[in-house]
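*Asks:* Mind looking over this structure? Questions follow.
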Amino acid sequence: MHAQFVKSFAKFEQMVEIEPLPQIAFVGRSNAGKSSLLNMLTNHKGLAVTSQKPGRTRLINFFKVNDIHFVDLPGYGYSVASKSAEHGWGVEITNYLVKSEHLKLVFVLLDIRHAPSALDVGMLHFLQGHGITFKILATKCDKLSRAQQGNAKMKLATTLGLGKDDIILTSATNRQGREIILSILTNLSKSDIIHSGVK
Ligand code: GDP
């Protein structure tokens, strides 16, 4: 899989210069396992480290992965101390999510071991309210047994009012969920090609 860092953006308006590829966004609270998952999906150990560099953690980071852009959105809810910075985060992410015509799907990362936080639920309501397609990636599943994973998935689906196909069990440690995610991405880029052919 070919994956490379493209560019970081502070504002949606700056993104006009980006190559018009389908975009898949990754969002979740800090520590949900986003960097690890991006590295696992792309087979690049240090890829998402780029997003962690000082000054880049609050930016929207673009990676080109084959013929798709992975869009790494800043983690939310890091600490009470970052509340004011979070406000700025919210405005730019909101702009991006609502306005990007290339955005095809949002993956919302939730740690399988924890109940969704108010910020997580807020994010899901926001996406639903704007008709933005999303799927949940339940992370760190290696920390639970298969039976516990099944129960946690059911509980998540019930709590969030989602179907079980909306939740994908993943682990960056043992690569669980990788094939399912890649097949979703393949179908997505295929359907995009068909659309652009029809237009
Ligand atoms: P981010 O802040 O969302 O980018 O999260 P990171 O990818 O930096 O991960 C946060 C912490 O969770 C780190 O200590 C990781 O090693 C750990 N972690 C991430 N993914 C997994 C996973 O799939 N399994 C386990 N056991 N730990 C994980």
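Every chain in the structure tokens has a letter given in the order shown (A, B, ...), and although residue numbers restart at 1 in each chain, ligands are simply numbered from 1 in the order shown.
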Please write out the residues within 9 Å of ligand 1 as a PyMOL selection string, counting only C-alpha atoms and all ligand atoms.

*Replies:* chain A and resi 27-40+48-49+51-52+74-75+78+109+111+139-143+170-176

*Asks:* Looking only at alpha helix (DSSP H) from DSSP on the backbone, list the matching residues of segment 2-199 of chain A as a ChimeraX atom specification.

*Replies:* /A:34-42,49-52,83-99,118-129,146-160,178-198

*Asks:* Name the closest residue to Val71 of chain A among the candidates A:Lys190, A:Lys155, A:Lys104, A:Lys164; distances are taken between atoms, counting only C-alpha atoms.

*Replies:*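 Ranked by minimum distance to Val71 of chain A, first place goes to A:Lys104.
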
*Asks:* Which residue out of A:Thr159, A:Asn151, A:Thr94, A:Thr186 has the minimum interatomic distance to Ser117 of chain A when only C-alpha atoms are used?

*Replies:*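 Checking each of A:Thr159, A:Asn151, A:Thr94, A:Thr186 against Ser117 of chain A, counting only C-alpha atoms, the winner is A:Thr159.
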
*Asks:* Which neighbours of Glu13 of chain A fall inside 10 Å, counting only C-alpha atoms, when residues of the same chain fewer than 4 positions from it are skipped, and could you give them as a count of residues only?

*Replies:* 7

*Asks:* Please, which residues of segment 24-154 of chain A, numbered as in this document, come out strand (DSSP E) from DSSP, as a ChimeraX atom specification?

*Replies:* /A:24-28,60-65,68-72,103-111,134-139

*Asks:* Can you work out which one of A:Phe70, A:Leu110, A:Lys153, A:Leu41 has the shortest atom-to-atom distance to Gly177 of chain A, counting only C-alpha atoms?

*Replies:* A:Leu41

*Asks:* Could you work out how far atom CA of Phe5 of chain A lies from atom CA of Lys64 of chain A, giving the answer in Å with one decimal?

*Replies:*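 That distance, rounded to one decimal, is 6.4 Å.
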
*Asks:* Would you mind reading off the distance between atom CA of Leu160 of chain A and atom CA of Val121 of chain A, one decimal, in Å?

*Replies:*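 We find that atom CA of Leu160 of chain A and atom CA of Val121 of chain A lie 7.7 Å from each other.
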
*Asks:* Which neighbours of Asp67 of chain A fall inside 9 Å, counting only C-alpha atoms, when residues of the same chain fewer than 2 positions from it are skipped, and could you give them as a PyMOL selection string?

*Replies:* chain A and resi 2+21-22+64-65+69+189
